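Below is one structure, written out as structure tokens, with a few remarks after it.
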Amino acid sequence: MITRLAKFVFGLMFMLTGLLPATAQEMPPLPGELVLGDLGAPRGLAFDADGNLLVAVAGSGGETSFMMAGPEGEQPVNAGLSGRIVSIAPDGTATDRIIGLPSYAFPFETGGVYRIIPHGESLWMLFSGTGAGTTGAFWADSVVEYDAETLVVKTVINMNNFEATYDPDGNGYDTNVADIAWAADGTLYIVNAGGNDLLSWTADDGLQLVHAWPDNPVPTSIEVADNGDLYIGFLGAGMAPGAGKIEHWSGGELVETFSGLNTVSDILLDGDTLYAVQLALFTEQGPGPGSVVAVSAEGITPVAEGLIAPFGIAQGADGALYVTFGTIAFAPGMTGGVVRLDM
């Protein structure tokens, strides 16, 4: 079973493919500066304390082939160990930080490593349930804490068992861990795109349900403000234009909703400025390339447009924004990368 997020992406792929140039492998001109290209399904990215930009690369599958149930029936999967974590130094030098991560390549969408987030002396990796969930792989859909220096595994948070046991949104088993963020007291917050829920985790209490959304809005991203408020981005229920949104929670209550967005895949909170990555845009002409926008109560302000399938966003020490693109291969051979937006 492919998760709801993967089903959405799979349908979106067919809608956008027809908008690409005849030579589909040639990406349209990028806004900003290309930092690193030729990446297979790049997803989340984050800076570590030394200024290195870490990029989660889901990969391009491998040489092991089998069939797996999908939104259009069974479809072929090529699996391998091409997933990796790439580290881009401040001077632009790129090296592999972690290699050999499982990668499950469907015809147009790849499941595997989803995010890599430095925190203290640890690296926290999210491995999505997309594709891997039906193989019985024990690592599928998990949050894993590594020692940042030795890469020794310190903690594994099992998302599968919680969803299978409690099904908080009441829509049946479906889990796809999407993002994490920490509160000042050390509580880890986790959003699950497949399970449509927000969870908290501590070493003492384990996983606890904070909130569930039964209407399937697909939460994809979370930020914790300095005052402890939570901001949660949503892909949006179905394919409806404007269904994407960002919710602002304070003291356990929903206090504000920024609506009218499209397919929000990641958010970034920079002081009072809230940024969102839109995987694709819907206009009167139909679906088109995605964008980065600034969001406020006054409305939505474009920051960068014309990005093919952007996904993750991070901010450098110089204030520039870094965004992954090409997270979905809309044509055979199409790859992605990281672009820098000078603010």
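Residues in the structure tokens are named by chain (A, B, ... in the order shown) and by number from 1 within that chain; ligands are numbered from 1 in the order shown.
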
Between stretch 76-126 of chain A and stretch 301-323 of chain A, at 12 Å or less, what are the per-residue closest atom pairs and their distances in Å? Count only C-alpha atoms, order by chain and rising residue number, and return it as a Markdown table.
| residue | atom | partner | partner_atom | distance |
| --- | --- | --- | --- | --- |
| A:Ile88 | CA | A:Tyr322 | CA | 11.5 |
| A:Ala89 | CA | A:Gly316 | CA | 11.6 |
| A:Pro90 | CA | A:Gly316 | CA | 9.6 |
| A:Phe108 | CA | A:Ala309 | CA | 11.9 |
| A:Glu109 | CA | A:Ala309 | CA | 11.3 |
| A:Tyr114 | CA | A:Gly312 | CA | 9.7 |
| A:Arg115 | CA | A:Gly312 | CA | 8.6 |
| A:Ile116 | CA | A:Gly312 | CA | 10.7 |
| A:Ile117 | CA | A:Ala314 | CA | 10.5 |

**Study point:** Shell around stretch 153-168 of chain A at 8 Å using only C-alpha atoms, local window under 2 positions removed, as a list of chain:residue names
**Key:** A:Ala140, A:Asp141, A:Ser142, A:Val143, A:Val144, A:Glu145, A:Tyr146, A:Asp147, A:Leu151, A:Gly170, A:Asn171, A:Gly172, A:Tyr173, A:Asp174, A:Thr175, A:Val177, A:Gly195, A:Asn196, A:Asp197, A:Leu207, A:Leu209, A:Ala212

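When only C-alpha atoms are used to measure the gap to A:Tyr275, the shortest distance among A:Ala243, A:Gly288, A:Ile222, A:Gly112 belongs to A:Ile222.
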
Mind listing the strand (DSSP E) residues of stretch 263-316 of chain A, per DSSP on the backbone, as a PDB file with C-alpha atoms, in the first residue's frame?
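As a result, selection-v4.pdb now contains:
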ATOM      1  CA  VAL A 264       2.762  22.817   0.969  1.00  0.00           C
ATOM      2  CA  SER A 265       5.687  20.407   1.330  1.00  0.00           C
ATOM      3  CA  ASP A 266       7.829  22.364   3.817  1.00  0.00           C
ATOM      4  CA  ILE A 267       7.765  25.514   5.923  1.00  0.00           C
ATOM      5  CA  LEU A 268      10.418  27.714   7.536  1.00  0.00           C
ATOM      6  CA  LEU A 269       9.975  30.192  10.365  1.00  0.00           C
ATOM      7  CA  ASP A 270      12.530  33.027  10.409  1.00  0.00           C
ATOM      8  CA  THR A 273       8.633  35.680   8.651  1.00  0.00           C
ATOM      9  CA  LEU A 274       6.972  32.438   7.602  1.00  0.00           C
ATOM     10  CA  TYR A 275       8.040  30.767   4.347  1.00  0.00           C
ATOM     11  CA  ALA A 276       6.328  27.905   2.534  1.00  0.00           C
ATOM     12  CA  VAL A 277       7.411  25.634  -0.297  1.00  0.00           C
ATOM     13  CA  GLN A 278       4.617  24.784  -2.731  1.00  0.00           C
ATOM     14  CA  LEU A 281       0.817  25.602  -8.248  1.00  0.00           C
ATOM     15  CA  PHE A 282      -2.738  25.516  -9.566  1.00  0.00           C
ATOM     16  CA  THR A 283      -3.846  28.306 -11.893  1.00  0.00           C
ATOM     17  CA  GLY A 286      -4.034  24.037 -14.720  1.00  0.00           C
ATOM     18  CA  PRO A 287      -1.159  22.780 -12.554  1.00  0.00           C
ATOM     19  CA  GLY A 288       2.296  24.246 -13.026  1.00  0.00           C
ATOM     20  CA  GLY A 290       6.058  25.093  -7.716  1.00  0.00           C
ATOM     21  CA  SER A 291       7.340  28.055  -5.766  1.00  0.00           C
ATOM     22  CA  VAL A 292       8.581  29.520  -2.495  1.00  0.00           C
ATOM     23  CA  VAL A 293       6.345  32.121  -0.863  1.00  0.00           C
ATOM     24  CA  ALA A 294       6.266  34.282   2.250  1.00  0.00           C
ATOM     25  CA  VAL A 295       3.031  33.918   4.195  1.00  0.00           C
ATOM     26  CA  SER A 296       1.391  36.373   6.594  1.00  0.00           C
ATOM     27  CA  GLY A 299      -1.527  37.449   2.231  1.00  0.00           C
ATOM     28  CA  ILE A 300       0.931  35.416   0.168  1.00  0.00           C
ATOM     29  CA  THR A 301       4.045  36.996  -1.372  1.00  0.00           C
ATOM     30  CA  PRO A 302       6.069  35.137  -4.044  1.00  0.00           C
ATOM     31  CA  VAL A 303       9.768  34.689  -3.247  1.00  0.00           C
ATOM     32  CA  ALA A 304      10.836  32.347  -6.075  1.00  0.00           C
ATOM     33  CA  GLU A 305       8.736  30.877  -8.861  1.00  0.00           C
ATOM     34  CA  GLY A 306       9.221  28.344 -11.644  1.00  0.00           C
ATOM     35  CA  LEU A 307      10.691  25.519  -9.560  1.00  0.00           C
ATOM     36  CA  ILE A 313      13.743  24.620   2.580  1.00  0.00           C
ATOM     37  CA  ALA A 314      16.526  25.748   4.927  1.00  0.00           C
ATOM     38  CA  GLN A 315      18.174  29.071   5.746  1.00  0.00           C
TER      39      GLN A 315
END

Exercise for review: Going by DSSP on the backbone, which bits of stretch 112-237 of chain A are alpha helix (DSSP H)? Write them as a ChimeraX atom specification, please.
Suggested key: /A:159-166

Could the residues in this selection be saved with N, CA and C atoms as a compact mmCIF listing (two decimals), in the first residue's frame?
# COMPACT_ATOMS: atom_id res chain seq x y z
N MET A 159 7.09 4.48 14.08
CA MET A 159 5.83 5.11 13.76
C MET A 159 4.76 4.10 13.33
N ASN A 160 5.19 3.01 12.74
CA ASN A 160 4.26 2.01 12.22
C ASN A 160 3.36 1.44 13.30
N ASN A 161 3.95 1.03 14.40
CA ASN A 161 3.18 0.36 15.45
C ASN A 161 2.14 1.29 16.07
N PHE A 162 2.51 2.56 16.24
CA PHE A 162 1.56 3.51 16.82
C PHE A 162 0.35 3.67 15.91
N GLU A 163 0.59 3.83 14.60
CA GLU A 163 -0.51 3.99 13.66
C GLU A 163 -1.36 2.73 13.58
N ALA A 164 -0.71 1.57 13.53
CA ALA A 164 -1.46 0.31 13.43
C ALA A 164 -2.29 0.05 14.69
N THR A 165 -1.80 0.50 15.83
CA THR A 165 -2.48 0.25 17.10
C THR A 165 -3.63 1.23 17.34
N TYR A 166 -3.43 2.52 17.03
CA TYR A 166 -4.39 3.54 17.44
C TYR A 166 -5.16 4.18 16.27

Review point. Could you name the residues that touch A:Thr257 at 8 Å or less, counting only C-alpha atoms, but leaving out those on the same chain fewer than 3 positions away, as a ChimeraX atom specification?
Key: /A:245-248,254

Review point. Restricting the calculation to only C-alpha atoms, which member of A:Trp182, A:Trp213, A:Trp139, A:Phe325 is positioned closest to A:Leu126?
Key: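 With only C-alpha atoms as the atom set, the closest residue is A:Trp139.
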